[in-house]
Amino acid sequence: MKFVAEFKKFISRGNIIDLAVGVALGTAFNKIVTSLVEDVLMPPIGMALNGVNFSNLYINLSSGTYASLAEAKGAGAATINYGIFLNNVLHFLIVAFSLFVVVKVYTRLSELRHQEEEVEKKAETKECPYCLSDIPLQATRCPACTSQLERVEQS
């Protein structure tokens, strides 16, 4: 019974739920980025390079001749699939750039929220002239250095 209780406690932790949500969102995001790379970006790039389909680029290591990668794979030929590798590199770069933008925006929003909290805090406090710590506006003695302070009248 103790094992079950510990497992229940482990599963109900907030970090596990956050991780599960992150994995689910990451999976959905991966599908979007994969579609972006394969269906939106690679066709125009292929057209710009005289109709090249990157996913069909390969080096045949066997003695046979094949018209496409699918045909070579169907025949069991050894191939180096550098076109698929290029697609995956592009996919990675798009995911990395997207995450960079998301983290950058999130960081900026967090900084703005922190600045707003600081402004609110400053409106409710004053600085001790002796030790420079923040103290409530109505304080007559600093809790940090115990200096006697003049009372500030609020209007």
# chains A, B, ... in the order shown; residues from 1 in each chain; ligands from 1
>>> select_by_dssp(residues="chain A", states="strand (DSSP E or B)", output="list in words")
Ile59, Asn60, Thr79, Ile80, Thr125, Lys126, Glu127, Asp134, Ile135, Pro136, Arg141 and Gln148 of chain A
>>> select_by_dssp(residues="region 16-52 of chain A", states="alpha helix (DSSP H)", output="ChimeraX atom specification")
/A:16-35,42-48
>>> closest_residue(among="A:Ala70, A:Ala77, A:Phe7, A:His91", to="Val40 (chain A)", atoms="only C-alpha atoms")
A:His91
>>> closest_residue(among="A:Ala78, A:Leu57, A:Leu90, A:Leu49", to="Ser35 (chain A)", atoms="only C-alpha atoms")
A:Leu90
>>> closest_residue(among="A:Val33, A:Ala144, A:Ala67, A:Met42", to="Leu99 (chain A)", atoms="only C-alpha atoms")
A:Val33
>>> closest_residue(among="A:Gln138, A:Ser98, A:Thr79, A:Asn53", to="Thr65 (chain A)", atoms="only C-alpha atoms")
A:Thr79
>>> closest_residue(among="A:Ala28, A:Ile80, A:Phe3, A:Ile94", to="Leu41 (chain A)", atoms="only C-alpha atoms")
A:Ile94
>>> closest_residue(among="A:Asn87, A:Met1, A:Phe29, A:Ala72", to="Ser55 (chain A)", atoms="only C-alpha atoms")
A:Asn87
>>> residues_around(residues="Cys131 (chain A)", least_positions_apart="4", cutoff="10 Å", atoms="only C-alpha atoms", output="list in words")
Glu127, Cys142, Ala144, Cys145, Thr146 and Ser147 of chain A
>>> write_last_selection(atoms="C-alpha atoms", output="short mmCIF file (atom, residue, chain, number, x, y, z; two decimals), in the first residue's frame")
data_model
loop_
_atom_site.label_atom_id
_atom_site.label_comp_id
_atom_site.auth_asym_id
_atom_site.auth_seq_id
_atom_site.Cartn_x
_atom_site.Cartn_y
_atom_site.Cartn_z
CA GLU A 127 14.06 53.59 0.84
CA CYS A 142 13.95 50.49 9.64
CA ALA A 144 16.93 46.05 8.61
CA CYS A 145 19.23 48.53 10.38
CA THR A 146 16.84 49.75 13.16
CA SER A 147 17.52 53.41 12.35
#
